[in-house]
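Enquirer: Structure incoming, see below.
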Amino acid sequence: MRILITGAAGFLGSHLCDRLLSERHEVIGMDNFITGSPDNIAHLADNENFSFYKRDVSNYIFVPGKVDAILHFASPASPNPQSKSGYFNLPIQTMKAGALGTHNCLGIARREGSRFLLASTSEIYGDPEVHPQTESYPGNVDPIGERAVYDEAKRFAESLTMAYHRFHGVNTSIVRIFNTYGPRMDLEDGRALPNLLKQALLGQPLTVYGDGGQTRSFCYVDDLIDGIVKLLYSDEHYPVNIGNQDEMTILQFAEAINKITGNQAGITFMEDARSTRDPQRRQPDITRAREILKWEPKVSLEEGIKRTVPFFKQKLGLA
Ligand code: UDP
């Protein structure tokens with residue numbers, strides 16, 4: 001296939017490029033580098049099956065030649081208010097990437113008859129009142145809350161995707177991505193894993209926000225990419241959760257990182273650092289992914305963190 005990936009220089013986008021190139025597809029990457037990094041795709045510069053356009057997907061985009069599939073991954077994604085690359089500090093770009101960017105990609109998919117895959121998110125469930133979250137749960141999002149620019153952009157993107165499917169017959173799919181980690185995460189984007197692993201490798205205390213009782217479940221990137229590629233190759237049109245089910249508190253997560261890295265500096269609780277609307281509990285119900293895609297995650301937290309450490313050490317100048 002000839003596949004367009006927006007957000008190709010991002011954490012997930014760049015792993016998708018690698019995976020789809022390894023499966024002998026031709027990949028066209030697109031990114032404007034507001035949160036992605038050229039470093040993430042530098043190794044693809046000489047790959048004859050890879051081409052790259054520096055573009056803002058929120059503006060009109062043109063890709064010459066046929067396009068068999070489009071994966072729309074372009075968006076800021078970090079909720080951390082302190083981070084320059086988080087969506088708090090890029091609110092309009094975030095809404096445009098989810099709304100106008102999705103519209104532009106769907107326009108190409110309609111013209112070309114492409115398979116379309118939208119990168120959606122567990123954030124569409126907001127601060128969920130049901131647990132674990134099934135795809136049928138409509139979510140609990142405040143449209144003007146602190147996380148709304150991301151949550152509502154992705155919710156709109158899902159609605160638009162289903163409208164193109166139902167009204168224009170476009171072959172669409174939607175993946176709802178839960179917390180994911182691995183090499184090529186932005187060390188400065190303020191999310192839990194980059195913050196805590198960086199602190200651990202530098203021998204510093206880990207900053208746990210609030211009392212650390214809020215839960216997440218963390219999926220290693222290779223597992224997530226497997227699920228996404230299976231969804232791409234399927235003929236499913238309704239949203240599918242992809243994520244790990246091993247739910248833990250952020251305090252347990254921080255303790256695990258200290259143990260795995262041998263960090264002796266302990267934990268600092270930062271009571272006021274938690275953003276309002278930070279979901280209290282999050283865990284995917286992956287029954288649909290198991291049944292439809294025959295997918296489930298395989299990499300344990302310990303193994304995933306060990307595989308992530310070399311990238312962090314290299315970025316920190318410790319390798
Ligand atoms: N968190 C933390 N310390 C940090 C960064 C994040 O305790 O240095 C917490 C944050 O408050 C949230 C959880 O870890 O409850 C996951 O945050 P992240 O930014 O990774 O993304 P989210 O899952 O909220 O989208």
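FYI, nothing fancy with the structure tokens labels: chains A, B, ... in order, residues from 1 per chain, ligands from 1 as they appear.
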Around ligand 1, out to 8 Å and counting only C-alpha atoms and all ligand atoms, which residues are there? I want them as a PyMOL selection string.
Expert: chain A and resi 77-80+123+178-179+190-196+206-210+212+214-216+250-251+270+273-275+278-280+282
Enquirer: Need to verify the contact set: Glu48 (chain A), 12 Å, only C-alpha atoms, exclusion of same-chain residues closer than 5 positions in sequence. Can you return it as a count of residues only?
Expert: 7
Enquirer: Name all residues at most 8 Å from Pro284 (chain A) (count only C-alpha atoms; drop same-chain ones fewer than 2 positions away) and give them as a PyMOL selection string.
Expert: chain A and resi 122+132-134+178+217+241-245+282+286
Enquirer: Go through A:Lys313, A:Arg176, A:Lys259, A:Arg184 one by one, measure the shortest atom-to-atom distance of each to Ala157 (chain A) using only C-alpha atoms, and give the residue with the smallest value.
Expert: A:Arg176
Enquirer: Nearest residue to Thr172 (chain A) out of A:Phe33, A:Trp295, A:Phe116, A:Phe311, using only C-alpha atoms?
Expert: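 The answer is A:Phe116, which sits nearest to Thr172 (chain A).
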Enquirer: Measuring between only C-alpha atoms, which one of A:Asp189, A:Thr121, A:Leu316, A:Gly304 shows the shortest distance to Gln82 (chain A)?
Expert: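 Residue with the minimum atom-to-atom distance to Gln82 (chain A): A:Asp189.
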Enquirer: When DSSP is applied to the backbone of this structure, which of region 42-102 of chain A are assigned strand (DSSP E or B)? Write them out as a PyMOL selection string.
Expert: chain A and resi 50-54+69-72+78+86
Enquirer: Identify which of the residues A:Ala8, A:Leu100, A:Ala109, A:Leu201 lies closest to Asn40 (chain A), counting only C-alpha atoms when measuring atom-to-atom distances.
Expert: A:Ala8
Enquirer: Could you name the residues that touch Glu158 (chain A) at 12 Å or less, counting only C-alpha atoms, but leaving out those on the same chain fewer than 5 positions away, as a list in words?
Expert: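 Near neighbours after the sequence-gap exclusion: His72, Gly98, Ala99, Thr102, His103, Leu106, Phe116, Leu117, Leu118, Ala119, Ser120, Thr121, Ile124, Pro138, Asp151, Glu152, Ala153, Ala163, Tyr164, His165, Thr172, Ser173, Ile174, Val175, Arg176, His237, Tyr238, Pro239 and Val240 of chain A.
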Enquirer: For a quick check of understanding, using only C-alpha atoms, which of A:Val229, A:Leu197, A:Ala265, A:Leu90 has the smallest distance to Gly13 (chain A)?
Expert: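 Comparing A:Val229, A:Leu197, A:Ala265, A:Leu90 against Gly13 (chain A), the winner is A:Val229.
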Enquirer: Determine the nearest neighbour of Glu112 (chain A) from the options A:Tyr53, A:Tyr125, A:Phe62, A:Tyr181, counting only C-alpha atoms.
Expert: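 Of all the options, A:Phe62 lies closest to Glu112 (chain A).
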Enquirer: For Ile92 (chain A), find every residue with an atom within 9 Å (counting only C-alpha atoms), except residues of its own chain fewer than 5 positions away, and show them as an NGL selection string.
Expert: :A and (87 or 97 or 149)
Enquirer: Name the residues in contact with Phe312 (chain A) at a cut-off of 9 Å, using only C-alpha atoms, excluding same-chain residues fewer than 2 positions from it; report them as a short mmCIF file (atom, residue, chain, number, x, y, z; two decimals) with N, CA, C and O atoms, in the first residue's frame.
Expert:
data_model
loop_
_atom_site.label_atom_id
_atom_site.label_comp_id
_atom_site.auth_asym_id
_atom_site.auth_seq_id
_atom_site.Cartn_x
_atom_site.Cartn_y
_atom_site.Cartn_z
N PRO A 183 10.57 4.23 23.66
CA PRO A 183 11.56 5.10 23.05
C PRO A 183 10.91 6.11 22.11
O PRO A 183 9.89 5.81 21.49
N ARG A 184 11.52 7.30 22.02
CA ARG A 184 11.08 8.43 21.19
C ARG A 184 9.99 9.27 21.83
O ARG A 184 9.45 10.17 21.21
N MET A 185 9.64 8.99 23.08
CA MET A 185 8.77 9.96 23.77
C MET A 185 9.57 11.23 23.95
O MET A 185 10.80 11.19 24.10
N LEU A 187 11.10 13.79 26.06
CA LEU A 187 11.49 13.81 27.48
C LEU A 187 10.97 15.04 28.21
O LEU A 187 10.87 15.05 29.43
N PRO A 194 7.84 10.01 30.91
CA PRO A 194 9.08 10.77 30.67
C PRO A 194 9.58 11.49 31.92
O PRO A 194 10.78 11.45 32.22
N LEU A 197 10.80 8.63 34.58
CA LEU A 197 11.97 7.84 34.18
C LEU A 197 13.21 8.74 34.09
O LEU A 197 14.31 8.34 34.50
N LYS A 198 13.02 9.94 33.60
CA LYS A 198 14.13 10.90 33.54
C LYS A 198 14.66 11.17 34.96
O LYS A 198 15.86 11.10 35.21
N LEU A 201 16.58 8.14 36.33
CA LEU A 201 17.92 7.93 35.74
C LEU A 201 18.90 9.00 36.20
O LEU A 201 20.11 8.77 36.21
N THR A 308 13.00 0.89 27.24
CA THR A 308 12.92 2.34 27.04
C THR A 308 14.15 3.07 27.58
O THR A 308 14.53 4.14 27.08
N VAL A 309 14.79 2.47 28.59
CA VAL A 309 15.91 3.13 29.28
C VAL A 309 17.05 3.57 28.33
O VAL A 309 17.52 4.71 28.44
N PRO A 310 17.50 2.72 27.38
CA PRO A 310 18.63 3.15 26.55
C PRO A 310 18.36 4.46 25.80
O PRO A 310 19.24 5.32 25.71
N GLN A 314 20.50 7.91 26.35
CA GLN A 314 21.16 8.59 25.23
C GLN A 314 20.74 10.06 25.18
O GLN A 314 21.57 10.96 25.06
N LYS A 315 19.45 10.34 25.35
CA LYS A 315 18.97 11.72 25.32
C LYS A 315 19.52 12.53 26.49
O LYS A 315 19.71 13.75 26.39
N LEU A 316 19.74 11.86 27.63
CA LEU A 316 20.24 12.55 28.82
C LEU A 316 21.77 12.64 28.84
O LEU A 316 22.35 13.17 29.79
N GLY A 317 22.39 12.08 27.81
CA GLY A 317 23.86 12.10 27.76
C GLY A 317 24.48 11.16 28.79
O GLY A 317 25.63 11.35 29.21
N LEU A 318 23.74 10.11 29.18
CA LEU A 318 24.26 9.17 30.18
C LEU A 318 24.80 7.89 29.55
O LEU A 318 25.33 7.04 30.24
N ALA A 319 24.57 7.74 28.24
CA ALA A 319 24.95 6.46 27.59
C ALA A 319 26.40 6.51 27.10
O ALA A 319 26.90 7.57 26.78
#
